[in-house]
>>> print(open('coords.txt').read())   # compact mmCIF, C-alpha atoms
# COMPACT_ATOMS: atom_id res chain seq x y z
CA MET A 1 -11.52 14.02 5.88
CA THR A 2 -9.72 10.81 4.93
CA MET A 3 -6.00 11.01 4.06
CA THR A 4 -4.76 8.38 1.60
CA LEU A 5 -1.10 7.30 1.79
CA ALA A 6 0.26 5.00 -0.93
CA VAL A 7 3.57 3.12 -1.05
CA VAL A 8 5.04 2.10 -4.43
CA GLY A 9 8.32 0.83 -5.86
CA LYS A 10 9.88 -2.18 -7.56
CA GLY A 11 9.70 -5.59 -5.91
CA GLY A 12 11.97 -6.29 -2.95
CA VAL A 13 12.78 -2.72 -1.91
CA GLY A 14 10.87 -2.87 1.39
CA LYS A 15 7.48 -1.37 0.50
CA THR A 16 5.56 -3.67 2.85
CA THR A 17 7.96 -2.98 5.71
CA PHE A 18 7.56 0.77 5.25
CA ALA A 19 3.76 0.47 4.98
CA ALA A 20 3.60 -1.56 8.20
CA LEU A 21 5.82 0.88 10.08
CA MET A 22 3.71 3.76 8.75
CA VAL A 23 0.64 2.07 10.25
CA LYS A 24 2.58 1.71 13.53
CA TYR A 25 3.42 5.43 13.50
CA LEU A 26 -0.20 6.39 12.83
CA LEU A 27 -1.35 4.17 15.69
CA GLU A 28 1.22 5.62 18.08
CA THR A 29 0.24 9.18 17.17
CA GLU A 30 -3.46 8.28 17.60
CA ARG A 31 -4.37 8.97 13.96
CA THR A 32 -7.06 6.34 13.84
CA PRO A 33 -9.06 4.54 12.55
CA ILE A 34 -6.82 3.23 9.75
CA LEU A 35 -7.65 1.10 6.73
CA ALA A 36 -4.62 -0.82 5.43
CA ILE A 37 -5.00 -2.10 1.86
CA ASP A 38 -2.62 -4.83 0.71
CA GLY A 39 -2.31 -4.34 -3.05
CA ASP A 40 0.36 -7.00 -3.50
CA PRO A 41 -0.86 -10.36 -4.93
CA SER A 42 1.44 -12.18 -2.52
CA SER A 43 -0.66 -10.74 0.33
CA ASN A 44 1.89 -10.47 3.13
CA LEU A 45 1.03 -7.10 4.69
CA ASN A 46 -1.09 -9.05 7.16
CA LEU A 47 2.07 -10.83 8.37
CA ALA A 48 3.89 -7.52 8.80
CA LEU A 49 0.93 -6.18 10.80
CA GLY A 50 0.34 -9.37 12.79
CA LEU A 51 -3.22 -9.76 11.45
CA PRO A 52 -4.96 -12.81 9.94
CA LEU A 53 -5.98 -13.00 6.28
CA ARG A 54 -9.66 -13.78 5.85
CA GLY A 55 -10.12 -13.45 2.10
CA THR A 56 -9.09 -11.31 -0.86
CA ILE A 57 -10.68 -9.00 -3.41
CA GLY A 58 -9.19 -11.19 -6.16
CA GLN A 59 -11.19 -14.17 -4.92
CA ILE A 60 -14.38 -12.10 -4.81
CA ARG A 61 -13.79 -10.80 -8.33
CA GLU A 62 -13.11 -14.29 -9.71
CA ASP A 63 -16.14 -15.78 -7.93
CA THR A 64 -18.40 -12.99 -9.20
CA LYS A 65 -17.23 -13.44 -12.80
CA GLU A 66 -17.75 -17.21 -12.62
CA GLN A 67 -21.25 -16.93 -11.12
CA VAL A 68 -22.32 -14.40 -13.76
CA SER A 69 -20.91 -16.51 -16.62
CA THR A 70 -22.56 -19.72 -15.35
CA GLY A 71 -25.90 -18.10 -14.51
CA THR A 72 -25.64 -18.98 -10.80
CA PHE A 73 -25.45 -15.40 -9.51
CA GLN A 74 -27.81 -14.84 -6.57
CA GLN A 75 -31.14 -13.37 -7.61
CA GLY A 76 -32.75 -10.42 -5.83
CA ILE A 77 -29.53 -8.48 -5.18
CA SER A 78 -27.61 -6.18 -7.50
CA LYS A 79 -24.01 -6.96 -8.38
CA PRO A 80 -22.66 -3.75 -6.73
CA GLU A 81 -24.55 -4.51 -3.52
CA TRP A 82 -23.36 -8.12 -3.48
CA PHE A 83 -19.81 -7.02 -4.25
CA GLU A 84 -19.84 -4.47 -1.43
CA TYR A 85 -21.17 -7.06 1.04
CA GLN A 86 -18.44 -9.54 0.08
CA VAL A 87 -15.71 -6.90 0.39
CA GLU A 88 -16.85 -5.92 3.87
CA ASP A 89 -17.05 -9.61 4.82
CA CYS A 90 -13.34 -10.17 4.06
CA LEU A 91 -12.31 -7.04 6.00
CA VAL A 92 -10.07 -8.01 8.94
CA GLU A 93 -10.63 -5.83 12.00
CA GLY A 94 -7.78 -5.01 14.38
CA GLU A 95 -7.06 -2.55 17.18
CA GLY A 96 -7.25 0.82 15.44
CA VAL A 97 -6.45 -0.69 12.03
CA ASP A 98 -8.47 -2.84 9.62
CA LEU A 99 -6.98 -4.79 6.71
CA LEU A 100 -8.25 -5.42 3.19
CA ALA A 101 -6.20 -7.65 0.84
CA MET A 102 -6.44 -7.35 -2.95
CA GLY A 103 -5.11 -10.85 -3.63
CA ARG A 104 -3.97 -12.63 -6.75
CA PRO A 105 -3.80 -11.07 -10.24
CA GLU A 106 -6.78 -11.18 -12.56
CA GLY A 107 -7.56 -14.11 -14.79
CA PRO A 108 -8.36 -13.81 -18.52
CA GLY A 109 -11.23 -11.66 -19.71
CA CYS A 110 -12.42 -8.11 -19.09
CA TYR A 111 -12.73 -6.90 -15.51
CA CYS A 112 -13.68 -3.30 -16.27
CA ALA A 113 -17.07 -3.55 -14.54
CA ALA A 114 -15.63 -5.38 -11.52
CA ASN A 115 -12.79 -2.86 -11.22
CA ASN A 116 -15.28 -0.01 -11.33
CA MET A 117 -17.38 -1.63 -8.57
CA LEU A 118 -14.21 -2.24 -6.59
CA ARG A 119 -13.11 1.38 -6.90
CA ASN A 120 -16.50 2.66 -5.80
CA CYS A 121 -16.61 0.19 -2.92
CA ILE A 122 -13.15 1.14 -1.64
CA ASP A 123 -14.05 4.83 -1.96
CA ARG A 124 -17.14 4.34 0.22
CA LEU A 125 -15.33 2.09 2.68
CA GLY A 126 -12.37 4.44 2.96
CA ASN A 127 -14.60 7.34 3.98
CA ASN A 128 -15.09 5.60 7.34
CA TYR A 129 -11.39 5.94 8.20
CA ALA A 130 -9.09 8.82 9.09
CA TYR A 131 -6.23 7.25 7.11
CA VAL A 132 -6.00 4.76 4.26
CA VAL A 133 -2.57 3.14 3.77
CA ILE A 134 -2.09 1.30 0.45
CA ASP A 135 0.82 -1.09 -0.09
CA ASN A 136 0.86 -1.30 -3.89
CA GLU A 137 2.23 -4.17 -5.95
CA ALA A 138 5.45 -3.74 -7.90
CA GLY A 139 3.59 -3.46 -11.21
CA MET A 140 1.58 -0.36 -10.18
CA GLU A 141 -1.65 -2.13 -11.22
CA HIS A 142 -3.93 -0.24 -8.85
CA ILE A 143 -2.57 3.16 -9.85
CA SER A 144 -2.46 2.36 -13.57
CA ARG A 145 -6.06 1.14 -13.46
CA GLN A 146 -7.05 4.08 -11.28
CA THR A 147 -8.52 1.82 -8.58
CA THR A 148 -6.90 4.31 -6.22
CA ARG A 149 -7.99 7.68 -7.56
CA HIS A 150 -6.83 10.37 -5.15
CA ILE A 151 -3.58 10.02 -3.20
CA ASP A 152 -2.60 12.62 -0.61
CA ARG A 153 0.94 11.29 -0.10
CA LEU A 154 2.77 8.97 -2.51
CA PHE A 155 5.90 7.35 -1.07
CA ILE A 156 8.15 5.94 -3.81
CA VAL A 157 10.55 3.45 -2.23
CA SER A 158 13.84 2.44 -3.83
CA ASP A 159 16.90 0.54 -2.71
CA PRO A 160 20.35 2.14 -3.14
CA SER A 161 20.77 0.95 -6.72
CA TYR A 162 20.39 2.42 -10.18
CA ARG A 163 17.78 -0.22 -11.05
CA GLY A 164 15.72 0.82 -8.07
CA LEU A 165 15.97 4.47 -9.04
CA ALA A 166 15.09 3.62 -12.66
CA ALA A 167 11.89 1.95 -11.42
CA ALA A 168 11.17 5.01 -9.27
CA GLU A 169 11.62 7.28 -12.28
CA HIS A 170 9.18 5.12 -14.27
CA ILE A 171 6.61 5.48 -11.47
CA VAL A 172 6.99 9.26 -11.48
CA ARG A 173 6.43 9.35 -15.25
CA LEU A 174 3.45 6.97 -15.03
CA THR A 175 1.64 9.04 -12.43
CA CYS A 176 2.15 12.15 -14.56
CA GLU A 177 0.89 10.43 -17.72
CA LEU A 178 -2.20 9.06 -15.98
CA GLY A 179 -3.06 12.36 -14.38
CA THR A 180 -3.41 10.66 -11.02
CA ARG A 181 -4.34 13.21 -8.40
CA ILE A 182 -1.47 13.25 -5.92
CA GLY A 183 -1.05 15.81 -3.18
CA ARG A 184 2.67 15.24 -2.67
CA SER A 185 5.17 12.63 -3.87
CA TYR A 186 8.29 11.65 -1.98
CA LEU A 187 11.24 9.41 -2.77
CA LEU A 188 12.68 7.18 -0.02
CA ILE A 189 15.86 5.15 -0.38
CA ASN A 190 15.80 2.06 1.83
CA ARG A 191 18.50 -0.32 3.11
CA VAL A 192 21.31 2.19 3.02
CA GLU A 193 24.53 1.19 4.77
CA GLY A 194 26.41 4.22 6.05
CA THR A 195 25.86 7.26 3.85
CA LEU A 196 24.24 7.37 0.45
CA PRO A 197 26.85 7.58 -2.35
CA GLU A 198 26.91 11.03 -3.91
CA SER A 199 26.32 9.63 -7.41
CA LEU A 200 23.10 7.96 -6.27
CA ARG A 201 22.00 11.08 -4.42
CA GLN A 202 22.47 13.17 -7.57
CA SER A 203 20.49 10.62 -9.61
CA ALA A 204 17.73 10.64 -7.01
CA GLU A 205 17.46 14.41 -7.08
CA ARG A 206 16.78 14.32 -10.84
CA LEU A 207 13.77 12.00 -10.66
CA GLY A 208 11.06 14.62 -10.28
CA ALA A 209 10.06 13.65 -6.74
CA PRO A 210 11.89 15.19 -3.77
CA LEU A 211 14.16 12.88 -1.77
CA LEU A 212 12.52 12.75 1.65
CA GLY A 213 15.39 10.79 3.17
CA VAL A 214 17.10 7.44 3.55
CA LEU A 215 16.34 4.43 5.75
CA PRO A 216 19.18 2.32 7.17
CA ARG A 217 19.68 -1.39 6.63
CA ASP A 218 18.49 -2.99 9.87
CA PRO A 219 19.78 -6.46 10.93
CA ALA A 220 16.67 -6.84 13.09
CA MET A 221 14.58 -7.21 9.92
CA ALA A 222 16.25 -10.53 9.06
CA GLU A 223 15.77 -11.76 12.61
CA TYR A 224 12.06 -10.89 12.52
CA ASP A 225 11.73 -12.68 9.17
CA ILE A 226 13.33 -15.86 10.51
CA ILE A 227 11.00 -16.17 13.51
CA GLY A 228 7.93 -14.77 11.74
CA ARG A 229 7.57 -11.80 14.07
CA PRO A 230 5.45 -8.89 12.71
CA PHE A 231 7.48 -5.87 11.61
CA ILE A 232 4.97 -3.62 13.38
CA GLU A 233 6.58 -4.76 16.65
CA LEU A 234 9.90 -3.08 15.76
CA GLY A 235 10.56 -0.41 18.36
CA ASP A 236 12.69 2.66 18.97
CA ASP A 237 15.64 0.39 19.75
CA SER A 238 15.73 -0.71 16.09
CA LEU A 239 17.65 1.18 13.43
CA ILE A 240 14.82 1.63 10.96
CA TYR A 241 11.77 2.64 12.99
CA PRO A 242 13.16 5.89 14.47
CA ALA A 243 14.19 6.87 10.92
CA VAL A 244 10.71 6.07 9.60
CA LYS A 245 9.14 8.16 12.36
CA GLU A 246 11.25 11.18 11.54
CA LEU A 247 10.50 10.98 7.81
CA LEU A 248 6.77 10.61 8.42
CA ARG A 249 6.80 13.47 10.90
CA GLN A 250 8.07 15.66 8.07
CA ALA A 251 5.82 14.24 5.34
CA LEU A 252 2.58 14.35 7.35
CA ALA A 253 3.16 17.67 9.07
>>> encode(input="coords.txt", output="C-alpha cells")
Amino acid sequence: MTMTLAVVGKGGVGKTTFAALMVKYLLETERTPILAIDGDPSSNLNLALGLPLRGTIGQIREDTKEQVSTGTFQQGISKPEWFEYQVEDCLVEGEGVDLLAMGRPEGPGCYCAANNMLRNCIDRLGNNYAYVVIDNEAGMEHISRQTTRHIDRLFIVSDPSYRGLAAAEHIVRLTCELGTRIGRSYLLINRVEGTLPESLRQSAERLGAPLLGVLPRDPAMAEYDIIGRPFIELGDDSLIYPAVKELLRQALA
C-alpha cells in the first residue's frame, strides 16, 4: 500500500530541503520506489534532488485549456486519457525515485475539470509507488483544492519565529476545516541555533499538531546553494541530515 508524505509551511522555512532529505532517507532505507511531487510553482525540488525538469502539470493544464477553447484538441482520444498520457510523459525517472512537477499557478478561468482529472491521474500514478512525497507550495493550493486527498503523514515545517508558527497554526486549522484525511500531523521547527527558546516551544505545543522535533541551522546548506550542489548529497557529516533521519525514524516507525 502506498504511503503519502506531505510537507507544508510558509515560504522560506526549508520545506524543499526537508522533502529532499526525506527522499534521501527513504532511498537509504530501501523504501522504494518513490514518487516525488513538486507542488511549488518555482519548481526547484528537482535541483535539490539532482534531477532534470522535463515539463510541468501547469503547462499541460494550460495547453489543454487552450486547445479545447480554440477547437484544436486532438480528435479520437478522451481528455482524461490525453491528460494522463501527458502527465506520464513529463515524469522524470531517477534511481529509485521519479519526479513530477506541478509548475506555475493557474491562469484565469475555471480549472475544476482539469483539477479533477489531475487528482485522478495522480491517484492512479501514485499507486505504482511505495511512497509519495509531496513538497507543497506555501499557499497550500493542493491541499485546499483537495488535489492530494489522503495524507498518511503531514509534516508542517516552521522556522523559529512567531510568524512561522502562525502560518503553521493556519495550516492546522485549514486541514481540519477541509476534512482532509490525515493519518498523523507533525510540527518541525527548522534552522534552530542552539536550543529552542522556551516561549517558542510553548507556542508550538499549543498548535494542535505535536512537535516532532527541531532541525539545526546548517552552514553546509549555504555552501551547497552557492555551488548548486543537490541537497540530497548532504551526508551524516552535516548537521541537518542526522537530525532529519532521527525525526523520520520516529515518524515512520
>>> residues_around(input="coords.txt", residues="Ile37 (chain A)", least_positions_apart="2", cutoff="7 Å", atoms="only C-alpha atoms", output="list in words")
Leu35, Gly39, Leu99, Leu100, Ala101, Val133, Ile134 and Asp135 of chain A
>>> closest_residue(input="coords.txt", among="A:Asn120, A:Ser238, A:Thr4, A:Ser161", to="Tyr224 (chain A)", atoms="only C-alpha atoms")
A:Ser238
>>> residues_around(input="coords.txt", residues="region 183-186 of chain A", least_positions_apart="5", cutoff="9 Å", atoms="all atoms listed in the file", output="ChimeraX atom specification")
/A:150-157,172,208-213,251
>>> residues_near_point(input="coords.txt", point="(11.0, 1.5, -9.8)", cutoff="9 Å", atoms="all atoms listed in the file", output="list in words")
Val8, Gly9, Lys10, Gly11, Ala138, Ile156, Val157, Ser158, Arg163, Gly164, Leu165, Ala166, Ala167, Ala168, Glu169, His170, Ile171 and Val172 of chain A
>>> residues_around(input="coords.txt", residues="region 17-30 of chain A", least_positions_apart="5", cutoff="7 Å", atoms="all atoms listed in the file", output="ChimeraX atom specification")
/A:7,48-49,96,133,135,231-232,241,245
>>> atom_distance(input="coords.txt", atom1="CA of Gln74 (chain A)", atom2="CA of Glu88 (chain A)")
17.6 Å
>>> closest_residue(input="coords.txt", among="A:Met102, A:Val97, A:Met221, A:Cys90", to="Ile57 (chain A)", atoms="only C-alpha atoms")
A:Met102
>>> residues_around(input="coords.txt", residues="Ile34 (chain A)", least_positions_apart="4", cutoff="6 Å", atoms="all atoms listed in the file", output="ChimeraX atom specification")
/A:97,129,131-132
>>> atom_distance(input="coords.txt", atom1="CA of Pro33 (chain A)", atom2="CA of Gly94 (chain A)")
9.8 Å
>>> atom_distance(input="coords.txt", atom1="CA of Asn44 (chain A)", atom2="CA of Leu200 (chain A)")
29.6 Å
>>> closest_residue(input="coords.txt", among="A:Leu178, A:Tyr85, A:Asn190, A:Asp40", to="Leu247 (chain A)", atoms="all atoms listed in the file")
A:Asn190
>>> closest_residue(input="coords.txt", among="A:Gln67, A:Asn127, A:Ser203, A:Gln59", to="Thr2 (chain A)", atoms="all atoms listed in the file")
A:Asn127
>>> closest_residue(input="coords.txt", among="A:Ala220, A:Pro230, A:Gly71, A:Ala130", to="Pro52 (chain A)", atoms="all atoms listed in the file")
A:Pro230
>>> residues_near_point(input="coords.txt", point="(15.4, -0.8, 9.1)", cutoff="6 Å", atoms="all atoms listed in the file", output="ChimeraX atom specification")
/A:216-218,239-240
>>> residues_around(input="coords.txt", residues="Glu198 (chain A)", least_positions_apart="6", cutoff="12 Å", atoms="all atoms listed in the file", output="compact mmCIF listing (two decimals) with C-alpha atoms, in the frame of the given file")
# COMPACT_ATOMS: atom_id res chain seq x y z
CA PRO A 160 20.35 2.14 -3.14
CA ALA A 204 17.73 10.64 -7.01
CA GLU A 205 17.46 14.41 -7.08
